[in-house]
Structures are given as structure tokens and as C-alpha cells.
file start37.cif (mmCIF, N, CA, C and O atoms)
data_input
loop_
_atom_site.group_PDB
_atom_site.id
_atom_site.type_symbol
_atom_site.label_atom_id
_atom_site.label_comp_id
_atom_site.auth_asym_id
_atom_site.auth_seq_id
_atom_site.Cartn_x
_atom_site.Cartn_y
_atom_site.Cartn_z
ATOM 1 N N MET A 1 -71.600 -57.691 19.531
ATOM 2 C CA MET A 1 -71.326 -56.263 19.661
ATOM 3 C C MET A 1 -70.343 -55.845 18.572
ATOM 4 O O MET A 1 -69.270 -56.404 18.445
ATOM 5 N N ASP A 2 -70.739 -54.877 17.746
ATOM 6 C CA ASP A 2 -69.887 -54.403 16.670
ATOM 7 C C ASP A 2 -68.865 -53.408 17.192
ATOM 8 O O ASP A 2 -69.148 -52.619 18.085
ATOM 9 N N ALA A 3 -67.680 -53.467 16.588
ATOM 10 C CA ALA A 3 -66.643 -52.495 16.931
ATOM 11 C C ALA A 3 -66.970 -51.168 16.253
ATOM 12 O O ALA A 3 -67.576 -51.134 15.190
ATOM 13 N N THR A 4 -66.557 -50.080 16.870
ATOM 14 C CA THR A 4 -66.755 -48.762 16.292
ATOM 15 C C THR A 4 -65.653 -48.486 15.281
ATOM 16 O O THR A 4 -64.471 -48.663 15.596
ATOM 17 N N PRO A 5 -66.009 -48.066 14.055
ATOM 18 C CA PRO A 5 -64.971 -47.762 13.061
ATOM 19 C C PRO A 5 -64.090 -46.605 13.527
ATOM 20 O O PRO A 5 -64.532 -45.701 14.226
ATOM 21 N N SER A 6 -62.833 -46.663 13.136
ATOM 22 C CA SER A 6 -61.916 -45.569 13.438
ATOM 23 C C SER A 6 -61.217 -45.150 12.152
ATOM 24 O O SER A 6 -61.190 -45.891 11.164
ATOM 25 N N ASP A 7 -60.682 -43.937 12.171
ATOM 26 C CA ASP A 7 -59.964 -43.401 11.020
ATOM 27 C C ASP A 7 -58.478 -43.673 11.190
ATOM 28 O O ASP A 7 -57.901 -43.333 12.229
ATOM 29 N N LEU A 8 -57.884 -44.280 10.179
ATOM 30 C CA LEU A 8 -56.452 -44.570 10.180
ATOM 31 C C LEU A 8 -55.812 -43.917 8.971
ATOM 32 O O LEU A 8 -56.430 -43.815 7.914
ATOM 33 N N LEU A 9 -54.562 -43.519 9.116
ATOM 34 C CA LEU A 9 -53.784 -43.021 7.995
ATOM 35 C C LEU A 9 -52.546 -43.898 7.908
ATOM 36 O O LEU A 9 -51.791 -44.013 8.880
ATOM 37 N N MET A 10 -52.387 -44.546 6.759
ATOM 38 C CA MET A 10 -51.274 -45.475 6.561
ATOM 39 C C MET A 10 -50.318 -44.922 5.512
ATOM 40 O O MET A 10 -50.748 -44.361 4.499
ATOM 41 N N GLN A 11 -49.024 -45.071 5.762
ATOM 42 C CA GLN A 11 -48.003 -44.777 4.753
ATOM 43 C C GLN A 11 -47.754 -46.107 4.041
ATOM 44 O O GLN A 11 -47.460 -47.107 4.694
ATOM 45 N N VAL A 12 -47.896 -46.121 2.712
ATOM 46 C CA VAL A 12 -47.760 -47.358 1.948
ATOM 47 C C VAL A 12 -46.701 -47.168 0.868
ATOM 48 O O VAL A 12 -46.814 -46.274 0.030
ATOM 49 N N GLU A 13 -45.669 -48.010 0.919
ATOM 50 C CA GLU A 13 -44.596 -47.948 -0.074
ATOM 51 C C GLU A 13 -44.840 -48.979 -1.156
ATOM 52 O O GLU A 13 -45.293 -50.089 -0.877
ATOM 53 N N GLY A 14 -44.544 -48.596 -2.392
ATOM 54 C CA GLY A 14 -44.659 -49.520 -3.503
ATOM 55 C C GLY A 14 -45.847 -49.266 -4.414
ATOM 56 O O GLY A 14 -45.978 -49.910 -5.443
ATOM 57 N N MET A 15 -46.719 -48.329 -4.041
ATOM 58 C CA MET A 15 -47.856 -48.000 -4.912
ATOM 59 C C MET A 15 -47.375 -47.045 -5.995
ATOM 60 O O MET A 15 -46.831 -45.987 -5.684
ATOM 61 N N THR A 16 -47.581 -47.430 -7.258
ATOM 62 C CA THR A 16 -47.102 -46.587 -8.347
ATOM 63 C C THR A 16 -48.172 -46.235 -9.373
ATOM 64 O O THR A 16 -47.926 -45.391 -10.232
ATOM 65 N N CYS A 17 -49.338 -46.904 -9.321
ATOM 66 C CA CYS A 17 -50.335 -46.679 -10.365
ATOM 67 C C CYS A 17 -51.738 -46.962 -9.836
ATOM 68 O O CYS A 17 -51.910 -47.401 -8.700
ATOM 69 N N ASP A 18 -52.725 -46.736 -10.689
ATOM 70 C CA ASP A 18 -54.108 -46.993 -10.301
ATOM 71 C C ASP A 18 -54.340 -48.467 -9.996
ATOM 72 O O ASP A 18 -55.165 -48.811 -9.149
ATOM 73 N N GLY A 19 -53.626 -49.356 -10.680
ATOM 74 C CA GLY A 19 -53.741 -50.786 -10.404
ATOM 75 C C GLY A 19 -53.284 -51.107 -8.987
ATOM 76 O O GLY A 19 -53.891 -51.928 -8.298
ATOM 77 N N CYS A 20 -52.208 -50.442 -8.560
ATOM 78 C CA CYS A 20 -51.726 -50.615 -7.180
ATOM 79 C C CYS A 20 -52.769 -50.116 -6.195
ATOM 80 O O CYS A 20 -53.032 -50.764 -5.181
ATOM 81 N N ALA A 21 -53.343 -48.967 -6.485
ATOM 82 C CA ALA A 21 -54.363 -48.399 -5.603
ATOM 83 C C ALA A 21 -55.537 -49.362 -5.471
ATOM 84 O O ALA A 21 -56.048 -49.582 -4.365
ATOM 85 N N ALA A 22 -55.955 -49.962 -6.578
ATOM 86 C CA ALA A 22 -57.062 -50.915 -6.548
ATOM 87 C C ALA A 22 -56.691 -52.153 -5.734
ATOM 88 O O ALA A 22 -57.506 -52.672 -4.965
ATOM 89 N N ALA A 23 -55.451 -52.626 -5.878
ATOM 90 C CA ALA A 23 -54.996 -53.796 -5.122
ATOM 91 C C ALA A 23 -54.977 -53.506 -3.627
ATOM 92 O O ALA A 23 -55.350 -54.357 -2.810
ATOM 93 N N VAL A 24 -54.554 -52.305 -3.250
ATOM 94 C CA VAL A 24 -54.531 -51.902 -1.848
ATOM 95 C C VAL A 24 -55.961 -51.860 -1.299
ATOM 96 O O VAL A 24 -56.236 -52.369 -0.210
ATOM 97 N N CYS A 25 -56.878 -51.285 -2.055
ATOM 98 C CA CYS A 25 -58.280 -51.230 -1.629
ATOM 99 C C CYS A 25 -58.843 -52.630 -1.435
ATOM 100 O O CYS A 25 -59.497 -52.904 -0.426
ATOM 101 N N ARG A 26 -58.582 -53.524 -2.388
ATOM 102 C CA ARG A 26 -59.090 -54.893 -2.277
ATOM 103 C C ARG A 26 -58.531 -55.595 -1.039
ATOM 104 O O ARG A 26 -59.270 -56.290 -0.329
ATOM 105 N N ALA A 27 -57.240 -55.424 -0.787
ATOM 106 C CA ALA A 27 -56.616 -56.083 0.370
ATOM 107 C C ALA A 27 -57.257 -55.609 1.675
ATOM 108 O O ALA A 27 -57.530 -56.411 2.567
ATOM 109 N N ILE A 28 -57.522 -54.314 1.772
ATOM 110 C CA ILE A 28 -58.133 -53.767 2.992
ATOM 111 C C ILE A 28 -59.581 -54.229 3.107
ATOM 112 O O ILE A 28 -60.039 -54.622 4.180
ATOM 113 N N GLN A 29 -60.298 -54.240 1.997
ATOM 114 C CA GLN A 29 -61.707 -54.604 2.049
ATOM 115 C C GLN A 29 -61.920 -56.104 2.236
ATOM 116 O O GLN A 29 -63.008 -56.522 2.602
ATOM 117 N N ARG A 30 -60.887 -56.910 2.041
ATOM 118 C CA ARG A 30 -60.991 -58.323 2.406
ATOM 119 C C ARG A 30 -61.056 -58.454 3.927
ATOM 120 O O ARG A 30 -61.721 -59.333 4.456
ATOM 121 N N LEU A 31 -60.322 -57.593 4.624
ATOM 122 C CA LEU A 31 -60.352 -57.585 6.096
ATOM 123 C C LEU A 31 -61.667 -57.032 6.613
ATOM 124 O O LEU A 31 -62.231 -57.546 7.567
ATOM 125 N N ASP A 32 -62.103 -55.943 6.015
ATOM 126 C CA ASP A 32 -63.317 -55.253 6.453
ATOM 127 C C ASP A 32 -64.079 -54.795 5.210
ATOM 128 O O ASP A 32 -63.765 -53.744 4.642
ATOM 129 N N PRO A 33 -65.057 -55.594 4.777
ATOM 130 C CA PRO A 33 -65.810 -55.243 3.567
ATOM 131 C C PRO A 33 -66.514 -53.893 3.642
ATOM 132 O O PRO A 33 -66.830 -53.309 2.613
ATOM 133 N N GLU A 34 -66.742 -53.398 4.837
ATOM 134 C CA GLU A 34 -67.413 -52.104 5.010
ATOM 135 C C GLU A 34 -66.429 -50.931 5.085
ATOM 136 O O GLU A 34 -66.851 -49.782 5.232
ATOM 137 N N ALA A 35 -65.136 -51.204 5.002
ATOM 138 C CA ALA A 35 -64.125 -50.143 5.126
ATOM 139 C C ALA A 35 -64.272 -49.115 4.015
ATOM 140 O O ALA A 35 -64.592 -49.449 2.874
ATOM 141 N N LYS A 36 -64.037 -47.868 4.371
ATOM 142 C CA LYS A 36 -63.978 -46.780 3.388
ATOM 143 C C LYS A 36 -62.500 -46.487 3.185
ATOM 144 O O LYS A 36 -61.782 -46.194 4.146
ATOM 145 N N VAL A 37 -62.038 -46.580 1.943
ATOM 146 C CA VAL A 37 -60.616 -46.461 1.632
ATOM 147 C C VAL A 37 -60.408 -45.340 0.627
ATOM 148 O O VAL A 37 -61.081 -45.287 -0.402
ATOM 149 N N ALA A 38 -59.461 -44.443 0.915
ATOM 150 C CA ALA A 38 -59.085 -43.370 -0.011
ATOM 151 C C ALA A 38 -57.574 -43.429 -0.196
ATOM 152 O O ALA A 38 -56.824 -43.306 0.772
ATOM 153 N N VAL A 39 -57.139 -43.630 -1.446
ATOM 154 C CA VAL A 39 -55.720 -43.767 -1.751
ATOM 155 C C VAL A 39 -55.182 -42.460 -2.325
ATOM 156 O O VAL A 39 -55.779 -41.879 -3.225
ATOM 157 N N ASP A 40 -54.048 -42.011 -1.804
ATOM 158 C CA ASP A 40 -53.335 -40.837 -2.312
ATOM 159 C C ASP A 40 -52.011 -41.338 -2.894
ATOM 160 O O ASP A 40 -51.026 -41.502 -2.165
ATOM 161 N N LEU A 41 -52.020 -41.634 -4.204
ATOM 162 C CA LEU A 41 -50.819 -42.173 -4.851
ATOM 163 C C LEU A 41 -49.644 -41.200 -4.783
ATOM 164 O O LEU A 41 -48.501 -41.624 -4.593
ATOM 165 N N ASP A 42 -49.916 -39.903 -4.954
ATOM 166 C CA ASP A 42 -48.842 -38.906 -4.982
ATOM 167 C C ASP A 42 -48.018 -38.903 -3.701
ATOM 168 O O ASP A 42 -46.816 -38.682 -3.728
ATOM 169 N N HIS A 43 -48.680 -39.137 -2.571
ATOM 170 C CA HIS A 43 -47.987 -39.091 -1.285
ATOM 171 C C HIS A 43 -47.789 -40.470 -0.655
ATOM 172 O O HIS A 43 -47.238 -40.581 0.436
ATOM 173 N N GLY A 44 -48.274 -41.526 -1.330
ATOM 174 C CA GLY A 44 -48.118 -42.878 -0.813
ATOM 175 C C GLY A 44 -48.877 -43.106 0.476
ATOM 176 O O GLY A 44 -48.400 -43.792 1.382
ATOM 177 N N ARG A 45 -50.074 -42.538 0.552
ATOM 178 C CA ARG A 45 -50.866 -42.648 1.774
ATOM 179 C C ARG A 45 -52.225 -43.259 1.485
ATOM 180 O O ARG A 45 -52.772 -43.097 0.399
ATOM 181 N N VAL A 46 -52.746 -43.919 2.496
ATOM 182 C CA VAL A 46 -54.081 -44.495 2.399
ATOM 183 C C VAL A 46 -54.837 -44.112 3.667
ATOM 184 O O VAL A 46 -54.379 -44.390 4.772
ATOM 185 N N ALA A 47 -55.981 -43.462 3.485
ATOM 186 C CA ALA A 47 -56.856 -43.126 4.604
ATOM 187 C C ALA A 47 -57.951 -44.181 4.650
ATOM 188 O O ALA A 47 -58.560 -44.501 3.620
ATOM 189 N N VAL A 48 -58.177 -44.737 5.833
ATOM 190 C CA VAL A 48 -59.132 -45.827 5.985
ATOM 191 C C VAL A 48 -60.038 -45.557 7.185
ATOM 192 O O VAL A 48 -59.555 -45.196 8.260
ATOM 193 N N THR A 49 -61.328 -45.742 6.982
ATOM 194 C CA THR A 49 -62.273 -45.770 8.091
ATOM 195 C C THR A 49 -62.700 -47.222 8.201
ATOM 196 O O THR A 49 -63.295 -47.773 7.268
ATOM 197 N N THR A 50 -62.356 -47.857 9.320
ATOM 198 C CA THR A 50 -62.513 -49.295 9.431
ATOM 199 C C THR A 50 -62.607 -49.754 10.881
ATOM 200 O O THR A 50 -62.224 -49.010 11.788
ATOM 201 N N THR A 51 -63.082 -50.970 11.056
ATOM 202 C CA THR A 51 -63.066 -51.594 12.373
ATOM 203 C C THR A 51 -61.814 -52.453 12.535
ATOM 204 O O THR A 51 -61.537 -52.947 13.620
ATOM 205 N N ALA A 52 -61.045 -52.635 11.446
ATOM 206 C CA ALA A 52 -59.809 -53.427 11.508
ATOM 207 C C ALA A 52 -58.701 -52.639 12.199
ATOM 208 O O ALA A 52 -58.719 -51.400 12.219
ATOM 209 N N GLN A 53 -57.751 -53.347 12.766
ATOM 210 C CA GLN A 53 -56.611 -52.727 13.431
ATOM 211 C C GLN A 53 -55.536 -52.376 12.404
ATOM 212 O O GLN A 53 -55.373 -53.067 11.394
ATOM 213 N N ALA A 54 -54.757 -51.330 12.670
ATOM 214 C CA ALA A 54 -53.693 -50.894 11.764
ATOM 215 C C ALA A 54 -52.701 -52.027 11.485
ATOM 216 O O ALA A 54 -52.258 -52.208 10.346
ATOM 217 N N LEU A 55 -52.369 -52.797 12.510
ATOM 218 C CA LEU A 55 -51.419 -53.893 12.331
ATOM 219 C C LEU A 55 -51.970 -54.943 11.373
ATOM 220 O O LEU A 55 -51.237 -55.471 10.531
ATOM 221 N N SER A 56 -53.248 -55.227 11.463
ATOM 222 C CA SER A 56 -53.880 -56.190 10.561
ATOM 223 C C SER A 56 -53.863 -55.673 9.125
ATOM 224 O O SER A 56 -53.619 -56.429 8.184
ATOM 225 N N ILE A 57 -54.123 -54.384 8.962
ATOM 226 C CA ILE A 57 -54.085 -53.784 7.625
ATOM 227 C C ILE A 57 -52.673 -53.839 7.062
ATOM 228 O O ILE A 57 -52.470 -54.205 5.907
ATOM 229 N N ALA A 58 -51.688 -53.492 7.877
ATOM 230 C CA ALA A 58 -50.292 -53.527 7.427
ATOM 231 C C ALA A 58 -49.908 -54.938 6.985
ATOM 232 O O ALA A 58 -49.226 -55.118 5.967
ATOM 233 N N GLU A 59 -50.351 -55.954 7.723
ATOM 234 C CA GLU A 59 -50.045 -57.343 7.374
ATOM 235 C C GLU A 59 -50.732 -57.737 6.062
ATOM 236 O O GLU A 59 -50.129 -58.389 5.208
ATOM 237 N N ALA A 60 -51.985 -57.329 5.887
ATOM 238 C CA ALA A 60 -52.702 -57.632 4.649
ATOM 239 C C ALA A 60 -52.016 -56.976 3.453
ATOM 240 O O ALA A 60 -51.901 -57.579 2.378
ATOM 241 N N LEU A 61 -51.538 -55.753 3.641
ATOM 242 C CA LEU A 61 -50.857 -55.052 2.548
ATOM 243 C C LEU A 61 -49.494 -55.676 2.268
ATOM 244 O O LEU A 61 -49.064 -55.738 1.119
ATOM 245 N N LYS A 62 -48.828 -56.169 3.305
ATOM 246 C CA LYS A 62 -47.554 -56.870 3.114
ATOM 247 C C LYS A 62 -47.772 -58.111 2.246
ATOM 248 O O LYS A 62 -47.001 -58.381 1.330
ATOM 249 N N GLU A 63 -48.836 -58.853 2.551
ATOM 250 C CA GLU A 63 -49.165 -60.041 1.760
ATOM 251 C C GLU A 63 -49.489 -59.679 0.310
ATOM 252 O O GLU A 63 -49.272 -60.484 -0.597
ATOM 253 N N ALA A 64 -49.987 -58.463 0.092
ATOM 254 C CA ALA A 64 -50.307 -57.996 -1.255
ATOM 255 C C ALA A 64 -49.084 -57.391 -1.964
ATOM 256 O O ALA A 64 -49.170 -56.983 -3.117
ATOM 257 N N GLY A 65 -47.951 -57.320 -1.253
ATOM 258 C CA GLY A 65 -46.721 -56.840 -1.872
ATOM 259 C C GLY A 65 -46.321 -55.415 -1.556
ATOM 260 O O GLY A 65 -45.454 -54.850 -2.221
ATOM 261 N N TYR A 66 -46.926 -54.825 -0.535
ATOM 262 C CA TYR A 66 -46.638 -53.436 -0.178
ATOM 263 C C TYR A 66 -46.136 -53.362 1.257
ATOM 264 O O TYR A 66 -46.472 -54.193 2.086
ATOM 265 N N THR A 67 -45.351 -52.334 1.540
ATOM 266 C CA THR A 67 -44.899 -52.079 2.895
ATOM 267 C C THR A 67 -45.751 -50.954 3.454
ATOM 268 O O THR A 67 -45.843 -49.888 2.849
ATOM 269 N N ALA A 68 -46.376 -51.196 4.597
ATOM 270 C CA ALA A 68 -47.289 -50.202 5.165
ATOM 271 C C ALA A 68 -47.045 -50.020 6.649
ATOM 272 O O ALA A 68 -46.671 -50.964 7.340
ATOM 273 N N SER A 69 -47.252 -48.794 7.104
ATOM 274 C CA SER A 69 -47.177 -48.503 8.529
ATOM 275 C C SER A 69 -48.163 -47.393 8.851
ATOM 276 O O SER A 69 -48.475 -46.556 8.008
ATOM 277 N N ALA A 70 -48.664 -47.427 10.077
ATOM 278 C CA ALA A 70 -49.604 -46.400 10.524
ATOM 279 C C ALA A 70 -48.837 -45.102 10.755
ATOM 280 O O ALA A 70 -47.723 -45.099 11.262
ATOM 281 N N MET A 71 -49.468 -44.013 10.365
ATOM 282 C CA MET A 71 -48.878 -42.692 10.588
ATOM 283 C C MET A 71 -49.525 -42.109 11.837
ATOM 284 O O MET A 71 -50.698 -42.320 12.101
ATOM 285 N N THR A 72 -48.741 -41.355 12.596
ATOM 286 C CA THR A 72 -49.263 -40.708 13.801
ATOM 287 C C THR A 72 -49.021 -39.215 13.716
ATOM 288 O O THR A 72 -48.159 -38.749 12.962
ATOM 289 N N GLY A 73 -49.788 -38.490 14.527
ATOM 290 C CA GLY A 73 -49.606 -37.045 14.594
ATOM 291 C C GLY A 73 -50.138 -36.394 13.448
ATOM 292 O O GLY A 73 -50.133 -35.696 12.677
#

call {"tool": "encode", "arguments": {"input": "start37.cif", "output": "C-alpha cells"}}
result
Amino acid sequence: MDATPSDLLMQVEGMTCDGCAAAVCRAIQRLDPEAKVAVDLDHGRVAVTTTAQALSIAEALKEAGYTASAMTG
């Protein structure tokens, strides 16, 4: 049984360039190859449609060198 994808908005610290954005996308897509990822460098945010949990994404981004947390509201 497949999990239903959900939309997450993550605040990510440490992204400064397109290379960072690409690294963030790769880290998320290692968890969920089907994830749709949109990076907003100006605001340090990443919108993700994925079956992965926010905590798992935050941990993957930490391993990639970024600090991430799920945004609410």
C-alpha cells in the first residue's frame, strides 16, 4: 500500500546559491525519488510534495549540511 503524498513547507538555513538548491533537491529525492521539490532561495524555503515525513527530510538535509524545520500555519 503506497502512502499518499503530502505538501510540506520547510525552512532551510544555509542555502546561498543554485548549487545549494540542487544539493537540497538531491538530498530530498534520495528519500523519495518521486518527490516534487521547489526551492525558494530568497526566503530560504523548500516546498515539497512527498510521501516522506518532515522529520526524515530535516535529517537528510542536516546530513547534507543544512538546518531545516517544518513550517506550520

call {"tool": "resolve_selection", "arguments": {"input": "start37.cif", "expression": "the PyMOL selection byres ((chain A and resi 52) around 7)", "output": "PyMOL selection string"}}
result
chain A and resi 4-6+31-32+49-51+53-57

call {"tool": "select_by_dssp", "arguments": {"input": "start37.cif", "residues": "chain A", "states": "strand (DSSP E or B)", "output": "ChimeraX atom specification"}}
result
/A:6-13,36-40,45-50,67-70

call {"tool": "resolve_selection", "arguments": {"input": "start37.cif", "expression": "the PyMOL selection byres ((chain A and resi 19-29) around 7)", "output": "ChimeraX atom specification"}}
result
/A:14-18,30-35,37,39,56-57,60-61,64

call {"tool": "select_by_dssp", "arguments": {"input": "start37.cif", "residues": "range 6-61 of chain A", "states": "alpha helix (DSSP H)", "output": "list in words"}}
result
Asp18, Gly19, Cys20, Ala21, Ala22, Ala23, Val24, Cys25, Arg26, Ala27, Ile28, Gln29, Arg30, Leu31, Ala54, Leu55, Ser56, Ile57, Ala58, Glu59, Ala60 and Leu61 of chain A

call {"tool": "atom_distance", "arguments": {"input": "start37.cif", "atom1": "CA of Asp7 in chain A", "atom2": "CA of Ala70 in chain A"}}
result
10.8 Å

call {"tool": "atom_distance", "arguments": {"input": "start37.cif", "atom1": "CA of Val46 in chain A", "atom2": "CA of Leu9 in chain A"}}
result
5.8 Å

call {"tool": "atom_distance", "arguments": {"input": "start37.cif", "atom1": "atom C of Ala47 in chain A", "atom2": "CA of Glu63 in chain A"}}
result
18.4 Å

call {"tool": "residues_around", "arguments": {"input": "start37.cif", "residues": "Thr67 in chain A", "least_positions_apart": "2", "cutoff": "8 Å", "atoms": "only C-alpha atoms", "output": "list in words"}}
result
Val12, Glu13, Gly14, Ala58, Leu61, Lys62, Gly65 and Ser69 of chain A

call {"tool": "write_last_selection", "arguments": {"input": "start37.cif", "atoms": "N, CA, C and O atoms", "output": "short mmCIF file (atom, residue, chain, number, x, y, z; two decimals), in the coordinates of the input"}}
result
data_model
loop_
_atom_site.label_atom_id
_atom_site.label_comp_id
_atom_site.auth_asym_id
_atom_site.auth_seq_id
_atom_site.Cartn_x
_atom_site.Cartn_y
_atom_site.Cartn_z
N VAL A 12 -47.90 -46.12 2.71
CA VAL A 12 -47.76 -47.36 1.95
C VAL A 12 -46.70 -47.17 0.87
O VAL A 12 -46.81 -46.27 0.03
N GLU A 13 -45.67 -48.01 0.92
CA GLU A 13 -44.60 -47.95 -0.07
C GLU A 13 -44.84 -48.98 -1.16
O GLU A 13 -45.29 -50.09 -0.88
N GLY A 14 -44.54 -48.60 -2.39
CA GLY A 14 -44.66 -49.52 -3.50
C GLY A 14 -45.85 -49.27 -4.41
O GLY A 14 -45.98 -49.91 -5.44
N ALA A 58 -51.69 -53.49 7.88
CA ALA A 58 -50.29 -53.53 7.43
C ALA A 58 -49.91 -54.94 6.98
O ALA A 58 -49.23 -55.12 5.97
N LEU A 61 -51.54 -55.75 3.64
CA LEU A 61 -50.86 -55.05 2.55
C LEU A 61 -49.49 -55.68 2.27
O LEU A 61 -49.06 -55.74 1.12
N LYS A 62 -48.83 -56.17 3.30
CA LYS A 62 -47.55 -56.87 3.11
C LYS A 62 -47.77 -58.11 2.25
O LYS A 62 -47.00 -58.38 1.33
N GLY A 65 -47.95 -57.32 -1.25
CA GLY A 65 -46.72 -56.84 -1.87
C GLY A 65 -46.32 -55.42 -1.56
O GLY A 65 -45.45 -54.85 -2.22
N SER A 69 -47.25 -48.79 7.10
CA SER A 69 -47.18 -48.50 8.53
C SER A 69 -48.16 -47.39 8.85
O SER A 69 -48.48 -46.56 8.01
#

call {"tool": "build_atoms", "arguments": {"input": "start37.cif", "residues": "range 50-58 of chain A", "atoms": "all heavy atoms", "output": "PDB file, keeping the file's coordinate frame"}}
result
ATOM      1  N   THR A  50     -62.356 -47.857   9.320  1.00  0.00           N
ATOM      2  CA  THR A  50     -62.513 -49.295   9.431  1.00  0.00           C
ATOM      3  C   THR A  50     -62.607 -49.754  10.881  1.00  0.00           C
ATOM      4  O   THR A  50     -62.224 -49.010  11.788  1.00  0.00           O
ATOM      5  CB  THR A  50     -61.299 -49.998   8.766  1.00  0.00           C
ATOM      6  OG1 THR A  50     -61.465 -51.410   8.843  1.00  0.00           O
ATOM      7  CG2 THR A  50     -59.995 -49.594   9.415  1.00  0.00           C
ATOM      8  N   THR A  51     -63.082 -50.970  11.056  1.00  0.00           N
ATOM      9  CA  THR A  51     -63.066 -51.594  12.373  1.00  0.00           C
ATOM     10  C   THR A  51     -61.814 -52.453  12.535  1.00  0.00           C
ATOM     11  O   THR A  51     -61.537 -52.947  13.620  1.00  0.00           O
ATOM     12  CB  THR A  51     -64.310 -52.470  12.588  1.00  0.00           C
ATOM     13  OG1 THR A  51     -64.387 -53.436  11.546  1.00  0.00           O
ATOM     14  CG2 THR A  51     -65.578 -51.627  12.607  1.00  0.00           C
ATOM     15  N   ALA A  52     -61.045 -52.635  11.446  1.00  0.00           N
ATOM     16  CA  ALA A  52     -59.809 -53.427  11.508  1.00  0.00           C
ATOM     17  C   ALA A  52     -58.701 -52.639  12.199  1.00  0.00           C
ATOM     18  O   ALA A  52     -58.719 -51.400  12.219  1.00  0.00           O
ATOM     19  CB  ALA A  52     -59.359 -53.823  10.101  1.00  0.00           C
ATOM     20  N   GLN A  53     -57.751 -53.347  12.766  1.00  0.00           N
ATOM     21  CA  GLN A  53     -56.611 -52.727  13.431  1.00  0.00           C
ATOM     22  C   GLN A  53     -55.536 -52.376  12.404  1.00  0.00           C
ATOM     23  O   GLN A  53     -55.373 -53.067  11.394  1.00  0.00           O
ATOM     24  CB  GLN A  53     -56.031 -53.670  14.478  1.00  0.00           C
ATOM     25  CG  GLN A  53     -56.996 -54.018  15.590  1.00  0.00           C
ATOM     26  CD  GLN A  53     -57.373 -52.800  16.409  1.00  0.00           C
ATOM     27  OE1 GLN A  53     -56.515 -52.022  16.807  1.00  0.00           O
ATOM     28  NE2 GLN A  53     -58.658 -52.627  16.659  1.00  0.00           N
ATOM     29  N   ALA A  54     -54.757 -51.330  12.670  1.00  0.00           N
ATOM     30  CA  ALA A  54     -53.693 -50.894  11.764  1.00  0.00           C
ATOM     31  C   ALA A  54     -52.701 -52.027  11.485  1.00  0.00           C
ATOM     32  O   ALA A  54     -52.258 -52.208  10.346  1.00  0.00           O
ATOM     33  CB  ALA A  54     -52.968 -49.679  12.331  1.00  0.00           C
ATOM     34  N   LEU A  55     -52.369 -52.797  12.510  1.00  0.00           N
ATOM     35  CA  LEU A  55     -51.419 -53.893  12.331  1.00  0.00           C
ATOM     36  C   LEU A  55     -51.970 -54.943  11.373  1.00  0.00           C
ATOM     37  O   LEU A  55     -51.237 -55.471  10.531  1.00  0.00           O
ATOM     38  CB  LEU A  55     -51.078 -54.523  13.687  1.00  0.00           C
ATOM     39  CG  LEU A  55     -49.942 -55.534  13.707  1.00  0.00           C
ATOM     40  CD1 LEU A  55     -48.649 -54.915  13.186  1.00  0.00           C
ATOM     41  CD2 LEU A  55     -49.737 -56.058  15.116  1.00  0.00           C
ATOM     42  N   SER A  56     -53.248 -55.227  11.463  1.00  0.00           N
ATOM     43  CA  SER A  56     -53.880 -56.190  10.561  1.00  0.00           C
ATOM     44  C   SER A  56     -53.863 -55.673   9.125  1.00  0.00           C
ATOM     45  O   SER A  56     -53.619 -56.429   8.184  1.00  0.00           O
ATOM     46  CB  SER A  56     -55.322 -56.466  10.979  1.00  0.00           C
ATOM     47  OG  SER A  56     -55.360 -57.039  12.259  1.00  0.00           O
ATOM     48  N   ILE A  57     -54.123 -54.384   8.962  1.00  0.00           N
ATOM     49  CA  ILE A  57     -54.085 -53.784   7.625  1.00  0.00           C
ATOM     50  C   ILE A  57     -52.673 -53.839   7.062  1.00  0.00           C
ATOM     51  O   ILE A  57     -52.470 -54.205   5.907  1.00  0.00           O
ATOM     52  CB  ILE A  57     -54.617 -52.342   7.650  1.00  0.00           C
ATOM     53  CG1 ILE A  57     -56.113 -52.353   7.977  1.00  0.00           C
ATOM     54  CG2 ILE A  57     -54.345 -51.636   6.327  1.00  0.00           C
ATOM     55  CD1 ILE A  57     -56.696 -50.991   8.231  1.00  0.00           C
ATOM     56  N   ALA A  58     -51.688 -53.492   7.877  1.00  0.00           N
ATOM     57  CA  ALA A  58     -50.292 -53.527   7.427  1.00  0.00           C
ATOM     58  C   ALA A  58     -49.908 -54.938   6.985  1.00  0.00           C
ATOM     59  O   ALA A  58     -49.226 -55.118   5.967  1.00  0.00           O
ATOM     60  CB  ALA A  58     -49.358 -53.031   8.534  1.00  0.00           C
TER      61      ALA A  58
END
